[in-house]
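Participant: One structure, as structure tokens, below. Some questions next.
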Amino acid sequence: MMTAVQVKNLRREIYYITGNQVTPEILGRAMGLSEKRAARGVREWEQFGPSGPAGVALTYLAQGLNTKLPEHIHGRSDDDGGGDCDYVIRLRWPRFIMMIPERQIEQYFIAQWIDDPNALNSRRNMDDFILRAKEYWLEAQIE
């Protein structure tokens, strides 16, 4: 479970990743708190530490900000019907799973966003994250 200090540090890490100041209200709304409760709830977490589902959700969010993890991993899913599909998983916020059917990068699609890329008002362009994932896959094909 996260401590109060870790919640404060989490907001700083989000700022570093997104390039945007993350107020207690923004973080609270991203964690599903009501508009009236968002800022006060986060301030309480920063003073006393989160508990219950909030602590779990914040821990999960912090895992996506962990810069010790590689940014991407990739693999191949072998379909018995003959439709092989490569995948790239972005392990850092905003996390997503990209599918590349039949090794045709131009046909890629995002199968799932694990983190809502708009929840924290990021100034970062989501297309940049997708482009980096595509470049990672292309480099992996050369190695």
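Chain lettering (A, B, ...) mirrors the order of the structure tokens, residue numbering begins at 1 for each chain separately, and ligand numbering begins at 1 in order of display.
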Just want the 12 Å neighbourhood of region 6-17 of chain A, counted on only C-alpha atoms, with same-chain residues fewer than 6 positions away dropped. Output as a PyMOL selection string.
Facilitator: chain A and resi 23-28+30+41-51+54-67+92-94+117+119-125+129
Participant: Got a sec: who's within 7 Å of Trp113 (chain A), counting only C-alpha atoms, leaving out chain neighbours fewer than 6 positions off, as a ChimeraX atom specification?
Facilitator: /A:95-97
Participant: Would you list, as a ChimeraX atom specification, the residues of chain A that end up in strand (DSSP E) under DSSP run on this structure's backbone?
Facilitator: /A:72-77,85-90,96-101,109-113
Participant: Looking at only C-alpha atoms, which of A:Leu69, A:Leu33, A:Ile105, A:Ile110 is the one that sits closest to Met126 (chain A)?
Facilitator: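 Ranked by minimum distance to Met126 (chain A), first place goes to A:Ile110.
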